[in-house]
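**Student:** I'm passing along coords.cif; it holds mmCIF, C-alpha atoms and all ligand atoms.
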data_input
loop_
_atom_site.label_atom_id
_atom_site.label_comp_id
_atom_site.auth_asym_id
_atom_site.auth_seq_id
_atom_site.Cartn_x
_atom_site.Cartn_y
_atom_site.Cartn_z
CA MET A 265 7.64 10.14 -11.45
CA THR A 266 6.99 13.38 -13.26
CA THR A 267 8.06 14.29 -16.77
CA GLN A 268 11.76 15.04 -16.99
CA THR A 269 13.85 17.32 -19.13
CA THR A 270 17.23 16.65 -20.68
CA THR A 271 19.58 18.01 -23.33
CA ALA A 272 19.23 16.44 -26.75
CA ALA A 273 20.80 17.10 -30.16
CA VAL A 274 17.95 18.12 -32.46
CA LEU A 275 18.11 18.13 -36.26
CA ARG A 276 15.81 20.90 -37.49
CA GLU A 277 16.92 21.39 -41.09
CA GLN A 278 18.38 19.20 -43.81
CA GLY A 279 22.17 19.26 -43.70
CA GLY A 280 22.15 21.66 -40.78
CA ALA A 281 24.17 21.60 -37.57
CA LEU A 282 22.45 19.89 -34.64
CA SER A 283 21.18 22.21 -31.91
CA LEU A 284 21.55 21.20 -28.28
CA GLU A 285 18.11 21.86 -26.83
CA THR A 286 16.26 21.23 -23.61
CA VAL A 287 13.61 18.62 -24.38
CA ASP A 288 10.76 17.17 -22.35
CA VAL A 289 10.86 13.40 -22.05
CA ALA A 290 7.61 11.45 -21.55
CA ARG A 291 7.28 8.81 -18.88
CA PRO A 292 7.90 5.29 -20.23
CA GLY A 293 4.71 3.74 -21.58
CA LYS A 294 3.81 0.07 -21.82
CA GLY A 295 6.88 -1.98 -22.72
CA GLU A 296 9.09 1.13 -22.69
CA VAL A 297 12.24 1.84 -20.70
CA LEU A 298 13.78 5.19 -19.69
CA VAL A 299 17.57 5.06 -19.99
CA ARG A 300 20.07 7.68 -18.81
CA MET A 301 22.71 7.68 -21.54
CA VAL A 302 26.41 7.35 -20.78
CA GLY A 303 27.59 6.90 -24.36
CA VAL A 304 26.25 6.82 -27.92
CA GLY A 305 27.88 6.15 -31.26
CA ILE A 306 27.56 7.89 -34.61
CA CYS A 307 26.56 5.55 -37.46
CA HIS A 308 26.35 6.26 -41.18
CA THR A 309 22.60 5.72 -41.08
CA ASP A 310 22.37 8.83 -38.88
CA LEU A 311 24.48 10.80 -41.37
CA GLY A 312 22.15 9.67 -44.15
CA VAL A 313 19.15 11.29 -42.44
CA ILE A 314 21.05 14.51 -41.72
CA ALA A 315 21.93 14.75 -45.42
CA ALA A 316 18.51 13.72 -46.72
CA PRO A 317 15.66 13.46 -44.19
CA ALA A 318 12.45 11.90 -45.45
CA GLU A 319 9.27 13.94 -45.85
CA GLY A 320 7.96 14.83 -42.40
CA GLN A 321 11.07 13.54 -40.62
CA LEU A 322 12.02 16.89 -39.02
CA PRO A 323 12.62 17.86 -36.29
CA ILE A 324 14.19 14.65 -35.06
CA VAL A 325 16.64 13.40 -32.46
CA LEU A 326 18.85 10.77 -34.12
CA GLY A 327 21.34 8.37 -32.52
CA HIS A 328 20.88 4.61 -32.38
CA GLU A 329 23.96 3.17 -30.70
CA GLY A 330 23.22 4.17 -27.11
CA SER A 331 24.33 2.70 -23.82
CA GLY A 332 23.38 3.73 -20.30
CA ILE A 333 21.60 2.94 -17.08
CA VAL A 334 17.91 2.12 -16.69
CA GLU A 335 16.17 4.86 -14.73
CA ALA A 336 12.53 3.76 -15.00
CA VAL A 337 10.44 1.08 -16.69
CA GLY A 338 6.87 1.10 -17.99
CA ASP A 339 4.11 -1.44 -17.47
CA GLY A 340 4.78 -4.97 -18.61
CA VAL A 341 8.57 -4.68 -18.69
CA SER A 342 10.09 -7.85 -17.23
CA THR A 343 13.57 -8.36 -18.67
CA VAL A 344 15.22 -5.14 -17.45
CA LYS A 345 14.95 -3.29 -14.17
CA VAL A 346 15.94 0.06 -12.69
CA GLY A 347 19.72 0.28 -12.27
CA ASP A 348 20.57 -2.21 -15.02
CA ARG A 349 23.45 -1.30 -17.33
CA VAL A 350 22.24 -1.69 -20.90
CA ALA A 351 23.51 -1.45 -24.46
CA LEU A 352 20.75 -0.53 -26.93
CA SER A 353 20.24 -2.18 -30.28
CA TYR A 354 17.57 -2.01 -33.00
CA ALA A 355 13.83 -2.28 -32.38
CA SER A 356 11.53 -5.18 -33.29
CA CYS A 357 7.91 -5.98 -32.48
CA GLY A 358 8.40 -9.42 -30.92
CA ARG A 359 4.94 -10.50 -32.08
CA CYS A 360 5.03 -10.99 -35.85
CA ASP A 361 5.63 -14.38 -37.46
CA ILE A 362 9.24 -13.46 -38.31
CA CYS A 363 10.05 -12.32 -34.77
CA GLU A 364 8.48 -15.53 -33.50
CA ARG A 365 10.85 -17.47 -35.75
CA GLY A 366 13.71 -15.79 -33.87
CA LEU A 367 14.64 -13.39 -36.70
CA PRO A 368 13.93 -9.91 -35.25
CA MET A 369 16.32 -8.30 -37.77
CA HIS A 370 13.67 -9.10 -40.39
CA CYS A 371 10.70 -8.03 -38.22
CA ARG A 372 7.68 -7.18 -40.38
CA GLU A 373 7.66 -3.78 -38.65
CA PHE A 374 11.43 -3.19 -38.93
CA ILE A 375 11.19 -0.04 -41.06
CA GLY A 376 8.37 1.50 -39.02
CA ARG A 377 10.08 0.83 -35.71
CA ASN A 378 13.58 1.88 -36.75
CA LEU A 379 13.80 4.16 -39.74
CA VAL A 380 10.84 6.51 -39.36
CA GLY A 381 11.49 8.29 -36.06
CA ALA A 382 8.04 8.19 -34.45
CA ARG A 383 6.56 5.39 -32.40
CA VAL A 384 4.47 2.98 -34.49
CA ASP A 385 1.31 4.74 -33.26
CA GLY A 386 2.65 8.02 -34.66
CA THR A 387 3.37 9.67 -31.31
CA SER A 388 6.76 10.73 -29.94
CA PRO A 389 8.15 10.63 -26.40
CA LEU A 390 10.08 13.89 -26.91
CA SER A 391 8.87 17.48 -27.21
CA VAL A 392 10.15 21.05 -27.03
CA ASP A 393 7.76 23.68 -25.66
CA GLY A 394 4.85 21.33 -26.32
CA GLU A 395 5.86 20.73 -29.95
CA PRO A 396 6.67 17.08 -30.69
CA VAL A 397 10.19 16.18 -31.82
CA LEU A 398 10.65 12.72 -33.36
CA GLY A 399 12.19 10.68 -30.58
CA ALA A 400 11.83 7.00 -31.45
CA TRP A 401 14.54 6.66 -34.13
CA PHE A 402 15.56 2.97 -34.03
CA GLY A 403 13.30 2.89 -30.97
CA GLN A 404 15.82 4.95 -29.00
CA SER A 405 16.82 8.44 -30.37
CA SER A 406 19.85 8.28 -28.13
CA TRP A 407 21.65 11.54 -29.00
CA SER A 408 20.00 12.69 -25.82
CA GLY A 409 20.77 12.59 -22.12
CA LEU A 410 17.63 10.50 -21.60
CA SER A 411 16.16 8.00 -24.03
CA ILE A 412 12.76 6.36 -24.09
CA THR A 413 13.42 2.97 -25.61
CA ASN A 414 11.77 -0.45 -25.64
CA GLU A 415 12.46 -3.51 -23.60
CA ARG A 416 13.38 -5.39 -26.77
CA ASN A 417 16.09 -2.82 -27.64
CA CYS A 418 17.88 -3.43 -24.34
CA VAL A 419 20.77 -5.81 -23.75
CA VAL A 420 21.79 -6.04 -20.10
CA VAL A 421 25.59 -6.01 -19.73
CA GLY A 422 28.02 -6.62 -16.89
CA ASP A 423 29.88 -4.01 -14.86
CA ASP A 424 33.31 -5.28 -15.99
CA VAL A 425 33.05 -3.73 -19.47
CA PRO A 426 33.31 -0.02 -20.44
CA LEU A 427 29.59 0.90 -20.60
CA GLU A 428 30.16 4.22 -22.42
CA LEU A 429 31.72 2.39 -25.39
CA LEU A 430 29.16 -0.40 -25.82
CA GLY A 431 26.50 1.33 -27.94
CA PRO A 432 28.12 0.56 -31.32
CA LEU A 433 27.95 -3.15 -30.46
CA GLY A 434 24.20 -2.76 -31.04
CA CYS A 435 24.51 -1.55 -34.64
CA GLY A 436 27.70 -0.77 -36.58
CA ILE A 437 30.00 -3.28 -34.93
CA GLN A 438 27.26 -5.92 -34.79
CA THR A 439 26.69 -5.41 -38.53
CA GLY A 440 30.28 -6.20 -39.52
CA ALA A 441 31.04 -8.81 -36.89
CA GLY A 442 27.68 -10.55 -37.27
CA ALA A 443 28.07 -10.88 -41.06
CA VAL A 444 31.21 -12.91 -40.35
CA LEU A 445 30.30 -14.82 -37.19
CA ASN A 446 26.56 -15.37 -37.80
CA THR A 447 26.03 -15.33 -41.56
CA LEU A 448 29.28 -16.75 -42.93
CA ALA A 449 30.56 -18.63 -39.86
CA PRO A 450 33.92 -19.36 -41.52
CA GLU A 451 35.82 -22.51 -40.58
CA GLN A 452 39.12 -22.19 -38.76
CA GLY A 453 41.92 -21.47 -41.21
CA SER A 454 39.63 -20.34 -44.02
CA SER A 455 40.14 -17.36 -46.34
CA ILE A 456 38.01 -14.21 -46.29
CA ALA A 457 38.10 -10.87 -48.10
CA VAL A 458 36.56 -7.73 -46.60
CA PHE A 459 35.65 -4.95 -49.04
CA ALA A 460 35.80 -1.38 -47.57
CA VAL A 461 37.36 -1.18 -44.13
CA GLY A 462 35.57 1.64 -42.35
CA SER A 463 34.07 0.86 -38.95
CA VAL A 464 31.82 -1.95 -40.24
CA GLY A 465 34.60 -3.52 -42.32
CA LEU A 466 37.13 -3.31 -39.50
CA ALA A 467 34.62 -5.00 -37.19
CA ALA A 468 34.42 -7.75 -39.83
CA VAL A 469 38.24 -8.01 -39.84
CA LEU A 470 38.27 -8.30 -36.02
CA ALA A 471 35.58 -10.99 -36.21
CA ALA A 472 37.47 -12.90 -38.92
CA GLN A 473 40.46 -12.94 -36.63
CA ALA A 474 38.30 -14.06 -33.69
CA ALA A 475 37.03 -16.90 -35.93
CA ASP A 476 40.67 -17.92 -36.60
CA CYS A 477 40.48 -17.32 -40.35
CA GLY A 478 43.88 -18.10 -41.87
CA THR A 479 43.85 -15.49 -44.65
CA ILE A 480 42.15 -12.13 -44.04
CA ILE A 481 42.32 -9.78 -47.02
CA ALA A 482 41.28 -6.14 -46.57
CA VAL A 483 40.26 -4.23 -49.71
CA ASP A 484 39.89 -0.45 -49.83
CA ILE A 485 40.95 2.59 -51.88
CA ASP A 486 42.54 4.34 -48.91
CA ASP A 487 46.03 3.29 -47.81
CA ALA A 488 45.59 4.66 -44.26
CA ARG A 489 42.51 2.51 -43.74
CA LEU A 490 44.33 -0.50 -45.18
CA GLU A 491 47.20 0.08 -42.75
CA ARG A 492 44.70 0.21 -39.91
CA ALA A 493 43.18 -3.09 -41.11
CA ARG A 494 46.62 -4.69 -41.04
CA GLU A 495 47.16 -3.49 -37.45
CA LEU A 496 43.82 -5.04 -36.50
CA GLY A 497 44.49 -8.45 -38.01
CA ALA A 498 44.33 -8.38 -41.83
CA THR A 499 47.02 -10.66 -43.25
CA HIS A 500 46.93 -9.01 -46.69
CA THR A 501 45.73 -5.71 -48.12
CA VAL A 502 44.62 -4.74 -51.63
CA ASN A 503 44.23 -1.18 -52.87
CA SER A 504 41.39 -1.53 -55.36
CA ALA A 505 42.09 1.91 -56.84
CA GLN A 506 45.43 0.57 -58.06
CA VAL A 507 44.82 -3.08 -58.95
CA ASP A 508 41.97 -5.41 -59.96
CA ALA A 509 40.79 -6.54 -56.52
CA ALA A 510 39.25 -9.89 -57.56
CA GLN A 511 42.38 -10.87 -59.49
CA ALA A 512 44.65 -9.80 -56.62
CA ILE A 513 42.63 -11.93 -54.18
CA VAL A 514 42.81 -14.97 -56.48
CA GLU A 515 46.59 -14.55 -56.58
CA ILE A 516 46.87 -14.16 -52.78
CA THR A 517 44.88 -17.39 -52.34
CA ASP A 518 47.19 -19.42 -54.64
CA GLY A 519 44.87 -19.20 -57.61
CA LEU A 520 41.84 -20.55 -55.75
CA GLY A 521 39.92 -17.45 -54.71
CA ALA A 522 38.59 -16.65 -51.25
CA GLN A 523 36.10 -18.94 -49.52
CA TYR A 524 34.20 -15.97 -48.07
CA SER A 525 33.81 -12.25 -48.70
CA VAL A 526 32.01 -9.36 -47.05
CA ASP A 527 30.95 -6.25 -48.97
CA CYS A 528 30.73 -3.31 -46.56
CA ILE A 529 30.07 -0.52 -49.07
CA GLY A 530 27.40 -1.61 -51.55
CA LEU A 531 28.98 0.02 -54.60
CA PRO A 532 28.36 -2.05 -57.75
CA ASP A 533 32.06 -2.56 -58.55
CA ALA A 534 32.80 -3.68 -54.99
CA VAL A 535 29.88 -6.14 -54.83
CA ARG A 536 30.83 -7.59 -58.19
CA ALA A 537 34.48 -7.98 -57.17
CA ALA A 538 33.38 -9.53 -53.86
CA ILE A 539 31.58 -12.24 -55.86
CA GLU A 540 34.24 -12.63 -58.55
CA CYS A 541 37.00 -13.18 -55.96
CA LEU A 542 35.29 -16.31 -54.57
CA GLN A 543 36.28 -19.94 -55.10
CA THR A 544 33.60 -22.65 -55.24
CA PRO A 545 31.78 -23.07 -53.08
CA GLY A 546 32.04 -19.53 -51.77
CA VAL A 547 29.76 -17.05 -50.06
CA CYS A 548 29.60 -13.26 -50.28
CA ALA A 549 27.71 -11.39 -47.54
CA SER A 550 26.63 -7.91 -48.68
CA VAL A 551 26.02 -5.42 -45.84
CA GLY A 552 26.83 -2.11 -47.57
CA PHE A 553 23.96 0.25 -48.42
CA GLN A 554 23.88 2.97 -51.04
CA GLY A 555 20.15 3.65 -51.08
CA LEU A 556 17.56 2.44 -53.57
CA PRO A 557 17.68 1.69 -56.43
CA ASN A 558 21.21 0.27 -56.66
CA GLU A 559 21.45 -2.21 -59.51
CA ILE A 560 24.49 -4.39 -60.04
CA ALA A 561 25.40 -6.65 -62.95
CA ILE A 562 26.74 -10.06 -61.99
CA ASP A 563 27.77 -13.05 -64.06
CA GLN A 564 25.14 -15.75 -63.53
CA GLY A 565 27.48 -18.38 -64.97
CA HIS A 566 30.02 -17.52 -62.28
CA LEU A 567 27.35 -17.73 -59.57
CA LEU A 568 26.02 -21.05 -60.92
CA PHE A 569 29.00 -23.10 -59.84
CA GLY A 570 28.16 -22.79 -56.18
CA ARG A 571 28.75 -19.21 -55.23
CA THR A 572 26.22 -17.47 -53.03
CA LEU A 573 25.37 -13.78 -52.64
CA ILE A 574 23.42 -12.98 -49.49
CA GLY A 575 22.18 -9.65 -48.14
CA VAL A 576 22.61 -9.16 -44.41
CA ILE A 577 20.90 -6.68 -42.10
CA GLU A 578 22.15 -5.95 -38.56
CA GLY A 579 24.65 -8.81 -38.84
CA ASP A 580 21.85 -11.42 -38.66
CA ALA A 581 22.14 -10.76 -34.93
CA VAL A 582 19.65 -11.27 -32.14
CA PRO A 583 21.11 -8.53 -29.91
CA GLN A 584 20.43 -10.26 -26.59
CA GLU A 585 22.52 -13.22 -27.80
CA PHE A 586 25.13 -11.58 -30.00
CA VAL A 587 26.18 -8.57 -27.88
CA PRO A 588 27.08 -10.87 -24.95
CA ARG A 589 28.96 -13.12 -27.40
CA MET A 590 31.03 -10.15 -28.64
CA LEU A 591 31.67 -9.09 -25.03
CA ASP A 592 32.88 -12.58 -24.14
CA LEU A 593 35.35 -12.42 -27.03
CA TYR A 594 36.37 -8.94 -25.85
CA ARG A 595 37.04 -10.25 -22.34
CA GLN A 596 39.23 -12.97 -23.85
CA GLY A 597 41.22 -10.31 -25.72
CA ARG A 598 39.99 -11.70 -29.05
CA PHE A 599 37.70 -8.85 -30.11
CA PRO A 600 39.26 -5.46 -29.20
CA PHE A 601 36.38 -3.38 -30.61
CA ASP A 602 37.38 -0.45 -28.39
CA ASP A 603 40.40 0.05 -30.69
CA LEU A 604 37.94 1.30 -33.33
CA ILE A 605 36.49 4.03 -31.10
CA THR A 606 37.38 7.70 -30.62
CA PRO A 607 35.44 9.32 -27.75
CA TYR A 608 34.08 12.89 -27.82
CA PRO A 609 32.08 14.78 -25.20
CA PHE A 610 28.38 14.80 -26.17
CA THR A 611 28.46 18.59 -26.40
CA SER A 612 31.03 18.28 -29.24
CA ILE A 613 28.59 16.31 -31.40
CA ASN A 614 28.86 18.61 -34.42
CA GLU A 615 32.66 18.36 -34.41
CA ALA A 616 32.39 14.57 -34.09
CA LEU A 617 29.94 14.40 -37.01
CA ASP A 618 32.32 16.45 -39.10
CA ASP A 619 35.25 14.17 -38.26
CA VAL A 620 33.21 11.05 -39.12
CA HIS A 621 32.01 12.64 -42.36
CA HIS A 622 35.59 13.40 -43.38
CA GLY A 623 36.89 9.96 -42.35
CA LYS A 624 39.18 11.33 -39.64
CA VAL A 625 37.99 8.73 -37.15
CA THR A 626 36.74 5.17 -37.57
CA LYS A 627 33.93 5.19 -34.99
CA ALA A 628 33.01 8.21 -32.90
CA VAL A 629 31.30 7.70 -29.55
CA LEU A 630 29.82 10.62 -27.63
CA THR A 631 30.09 10.41 -23.87
CA PHE A 632 27.93 12.12 -21.27
CA GLU A 633 29.18 13.75 -18.08
ZN ZN A 701 8.30 -8.44 -35.53
ZN ZN A 702 23.52 1.96 -37.51
#
Any chance you could put this one into structure tokens?
Ligand SMILES: [Zn+2]
Ligand SMILES: [Zn+2]

**Tutor:**
Amino acid sequence: MTTQTTTAAVLREQGGALSLETVDVARPGKGEVLVRMVGVGICHTDLGVIAAPAEGQLPIVLGHEGSGIVEAVGDGVSTVKVGDRVALSYASCGRCDICERGLPMHCREFIGRNLVGARVDGTSPLSVDGEPVLGAWFGQSSWSGLSITNERNCVVVGDDVPLELLGPLGCGIQTGAGAVLNTLAPEQGSSIAVFAVGSVGLAAVLAAQAADCGTIIAVDIDDARLERARELGATHTVNSAQVDAAQAIVEITDGLGAQYSVDCIGLPDAVRAAIECLQTPGVCASVGFQGLPNEIAIDQGHLLFGRTLIGVIEGDAVPQEFVPRMLDLYRQGRFPFDDLITPYPFTSINEALDDVHHGKVTKAVLTFE
């Protein structure tokens, strides 16, 4: 197989529009997989780089919620083959002590393999006119017709599910749903509060419903989002711009407080309220991210009585186990994640980014012809 070309969305300047360019795609190296994209989501982590790329991070092809069909595999690849339908998730090394413990979301090389943009050896599989373009963002750089990814990013999926919509299962949806189903694992009938109901928070609401929580309280400052949360399964809503959220949740739960909470925004007031609304014992999973540093003040005396605050990355999910689990729930009609998605043609990526930025859509997915 010779080197191929494809159209990719390249970020060349901070805050700039993406340019659709013809890029050269390397052949898959050892452990790598060439995937022809059929769909790819837009996640807030992508928007963060567009707004503020790190030193040396341009030009880059972003995108890390891809799905598509395997077109070629490199040496040593054994778990996927040409023709497989795959959803792509985050990258991990598979060799470090943490990966060997079955916790790839905490891989010792997580930052290098996901958040930099180059391969760990510093090279890139993408170039334009011989000039390298960073093409290993989250080990996939999937805002591109072809992606060089890694075997460990790939989750093989069936042909009975809408392949073009599956990419977000590998990041944004996994983050919200995994915080509920993996980290908190609420008992049937239990109470849970979800702070900030964008795409991650709504995925948490869907998961709370799939877990048969009895009381699902959505908290946000936007009434339209709260209405959406109610449509998707929230039993109660709280507008935290109008009332004290922790106090409102205590009242909704008959003076007890919620057994579980999920913070999906990372703002100090939200995290604090997500802890203060808990009964004892109670657990708050924090998945929101506002960059570093981001200090919060919490009441240690309140925590002492058996409340837990835990940070969660990628929904504590091992993608090859959790994506199939979400798809099984979807098949049973218990996890309608596709209700969160608005599709756009890939060529309309700048319009889609604008709509996501302005909150016009919950989760945008770009589809390829
Ligand atoms: Zn590792
Ligand atoms: Zn993401």

**Student:** Name the residues, by chain letter and number, that sit within 8 Å of ligand ZN 701 (chain A) using all atoms listed in the file, and give them as a PyMOL selection string.

**Tutor:** chain A and resi 356-364+368+370-374

**Student:** Taking into account only C-alpha atoms and all ligand atoms, which residue in the set A:Leu466, A:Val289, A:Cys435, A:Ala315 is nearest to ligand ZN 702 (chain A)?

**Tutor:**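 Checking each of A:Leu466, A:Val289, A:Cys435, A:Ala315 against ligand ZN 702 (chain A), counting only C-alpha atoms and all ligand atoms, the winner is A:Cys435.
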
**Student:** Could you tell me, counting only C-alpha atoms and all ligand atoms, which protein and nucleic acid residues lie no more than 10 Å from ligand ZN 702 (chain A), written as a ChimeraX atom specification?

**Tutor:** /A:305-311,327-329,353-354,378,402,432-439,464,578

**Student:** Provide the CA of Ile480 in chain A to CA of Ala457 in chain A distance in Å, to one decimal place.

**Tutor:** 5.9 Å

**Student:** Which residues, written as a PyMOL selection string, have at least one atom at most 10 Å from Glu395 in chain A, with only C-alpha atoms counted and residues fewer than 6 positions away on the same chain left out?

**Tutor:** chain A and resi 287-288+323

**Student:** Applying 7 Å and only C-alpha atoms, which residues near range 545-551 of chain A remain after dropping the ones on its own chain fewer than 3 positions away? List them as a ChimeraX atom specification.

**Tutor:** /A:443,523-528,530,538-539,542,570-577

**Student:** If we count only C-alpha atoms and set the cut-off at 8 Å, which residues sit around Arg377 in chain A, ignoring sequence neighbours fewer than 5 positions away in its own chain? Please answer as a short mmCIF file (atom, residue, chain, number, x, y, z; two decimals) with C-alpha atoms, keeping the file's coordinate frame.

**Tutor:**
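After the write, part_1.cif holds the following:
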data_model
loop_
_atom_site.label_atom_id
_atom_site.label_comp_id
_atom_site.auth_asym_id
_atom_site.auth_seq_id
_atom_site.Cartn_x
_atom_site.Cartn_y
_atom_site.Cartn_z
CA ALA A 355 13.83 -2.28 -32.38
CA SER A 356 11.53 -5.18 -33.29
CA CYS A 357 7.91 -5.98 -32.48
CA ALA A 382 8.04 8.19 -34.45
CA ARG A 383 6.56 5.39 -32.40
CA VAL A 384 4.47 2.98 -34.49
CA ALA A 400 11.83 7.00 -31.45
CA TRP A 401 14.54 6.66 -34.13
CA PHE A 402 15.56 2.97 -34.03
CA GLY A 403 13.30 2.89 -30.97
#

**Student:** Within 8 Å of Ile314 in chain A, counting all atoms listed in the file, which residues qualify if same-chain residues fewer than 5 places away don't, as a VMD selection string?

**Tutor:** chain A and resid 275 278 to 280

**Student:** Give the answer as one residue: which of A:Val582, A:Ala449, A:Val346, A:Glu540 has the shortest atom-to-atom distance to Cys477 in chain A, using all atoms listed in the file?

**Tutor:**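 Among A:Val582, A:Ala449, A:Val346, A:Glu540, it is A:Ala449 that comes nearest to Cys477 in chain A.
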
**Student:** What lies within 6 Å of range 330-332 of chain A using all atoms listed in the file, ignoring chain neighbours under 3 positions off, as a list of chain:residue names?

**Tutor:**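 Once the adjacent positions are removed, what remains is A:Val299, A:Arg300, A:Met301, A:Val302, A:Gly303, A:Val304, A:Arg349, A:Val350, A:Ala351, A:Leu352, A:Ser406, A:Gly431.
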
**Student:** Please produce a file of those selected residues containing C-alpha atoms, as a PDB file, in the frame of the given file.

**Tutor:**
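The new file out-v9.pdb reads:
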ATOM      1  CA  VAL A 299      17.570   5.060 -19.990  1.00  0.00           C
ATOM      2  CA  ARG A 300      20.070   7.680 -18.810  1.00  0.00           C
ATOM      3  CA  MET A 301      22.710   7.680 -21.540  1.00  0.00           C
ATOM      4  CA  VAL A 302      26.410   7.350 -20.780  1.00  0.00           C
ATOM      5  CA  GLY A 303      27.590   6.900 -24.360  1.00  0.00           C
ATOM      6  CA  VAL A 304      26.250   6.820 -27.920  1.00  0.00           C
ATOM      7  CA  ARG A 349      23.450  -1.300 -17.330  1.00  0.00           C
ATOM      8  CA  VAL A 350      22.240  -1.690 -20.900  1.00  0.00           C
ATOM      9  CA  ALA A 351      23.510  -1.450 -24.460  1.00  0.00           C
ATOM     10  CA  LEU A 352      20.750  -0.530 -26.930  1.00  0.00           C
ATOM     11  CA  SER A 406      19.850   8.280 -28.130  1.00  0.00           C
ATOM     12  CA  GLY A 431      26.500   1.330 -27.940  1.00  0.00           C
TER      13      GLY A 431
END

**Student:** Quick one: pull the distance between CA of Thr447 in chain A and CA of Thr626 in chain A, Å, one decimal.

**Tutor:**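 We find that CA of Thr447 in chain A and CA of Thr626 in chain A lie 23.5 Å from each other.
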
**Student:** Between CA of Ile412 in chain A and CA of Met369 in chain A, what is the spacing in Å?

**Tutor:**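 Computed distance, CA of Met369 in chain A to CA of Ile412 in chain A, equals 20.4 Å.
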
**Student:** Could you tell me which of A:Ile485, A:Leu604, A:Val392, A:Leu531 comes closest to Ala509 in chain A if we count only C-alpha atoms?

**Tutor:**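 Ranking A:Ile485, A:Leu604, A:Val392, A:Leu531 by distance to Ala509 in chain A, first place goes to A:Ile485.
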
**Student:** Please rebuild range 531-535 of chain A with all heavy atoms and give the result as a PDB file, in the frame of the given file.

**Tutor:**
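Result written to selection.pdb:
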ATOM      1  N   LEU A 531      28.772  -0.539 -53.261  1.00  0.00           N
ATOM      2  CA  LEU A 531      28.980   0.020 -54.600  1.00  0.00           C
ATOM      3  C   LEU A 531      29.041  -1.126 -55.609  1.00  0.00           C
ATOM      4  O   LEU A 531      29.615  -2.182 -55.325  1.00  0.00           O
ATOM      5  CB  LEU A 531      30.280   0.836 -54.643  1.00  0.00           C
ATOM      6  CG  LEU A 531      30.249   2.126 -53.812  1.00  0.00           C
ATOM      7  CD1 LEU A 531      31.643   2.746 -53.751  1.00  0.00           C
ATOM      8  CD2 LEU A 531      29.247   3.120 -54.402  1.00  0.00           C
ATOM      9  N   PRO A 532      28.450  -0.943 -56.791  1.00  0.00           N
ATOM     10  CA  PRO A 532      28.360  -2.050 -57.750  1.00  0.00           C
ATOM     11  C   PRO A 532      29.703  -2.727 -58.037  1.00  0.00           C
ATOM     12  O   PRO A 532      29.780  -3.959 -58.047  1.00  0.00           O
ATOM     13  CB  PRO A 532      27.782  -1.378 -59.003  1.00  0.00           C
ATOM     14  CG  PRO A 532      26.952  -0.264 -58.456  1.00  0.00           C
ATOM     15  CD  PRO A 532      27.704   0.257 -57.254  1.00  0.00           C
ATOM     16  N   ASP A 533      30.760  -1.954 -58.247  1.00  0.00           N
ATOM     17  CA  ASP A 533      32.060  -2.560 -58.550  1.00  0.00           C
ATOM     18  C   ASP A 533      32.566  -3.417 -57.382  1.00  0.00           C
ATOM     19  O   ASP A 533      33.180  -4.471 -57.589  1.00  0.00           O
ATOM     20  CB  ASP A 533      33.109  -1.479 -58.851  1.00  0.00           C
ATOM     21  CG  ASP A 533      32.910  -0.890 -60.230  1.00  0.00           C
ATOM     22  OD1 ASP A 533      32.089  -1.443 -61.004  1.00  0.00           O
ATOM     23  OD2 ASP A 533      33.563   0.126 -60.534  1.00  0.00           O
ATOM     24  N   ALA A 534      32.324  -2.949 -56.163  1.00  0.00           N
ATOM     25  CA  ALA A 534      32.800  -3.680 -54.990  1.00  0.00           C
ATOM     26  C   ALA A 534      32.018  -4.986 -54.824  1.00  0.00           C
ATOM     27  O   ALA A 534      32.600  -6.039 -54.548  1.00  0.00           O
ATOM     28  CB  ALA A 534      32.666  -2.825 -53.733  1.00  0.00           C
ATOM     29  N   VAL A 535      30.691  -4.929 -54.989  1.00  0.00           N
ATOM     30  CA  VAL A 535      29.880  -6.140 -54.830  1.00  0.00           C
ATOM     31  C   VAL A 535      30.286  -7.165 -55.902  1.00  0.00           C
ATOM     32  O   VAL A 535      30.470  -8.348 -55.611  1.00  0.00           O
ATOM     33  CB  VAL A 535      28.373  -5.831 -54.932  1.00  0.00           C
ATOM     34  CG1 VAL A 535      27.554  -7.110 -54.775  1.00  0.00           C
ATOM     35  CG2 VAL A 535      27.960  -4.815 -53.883  1.00  0.00           C
TER      36      VAL A 535
END
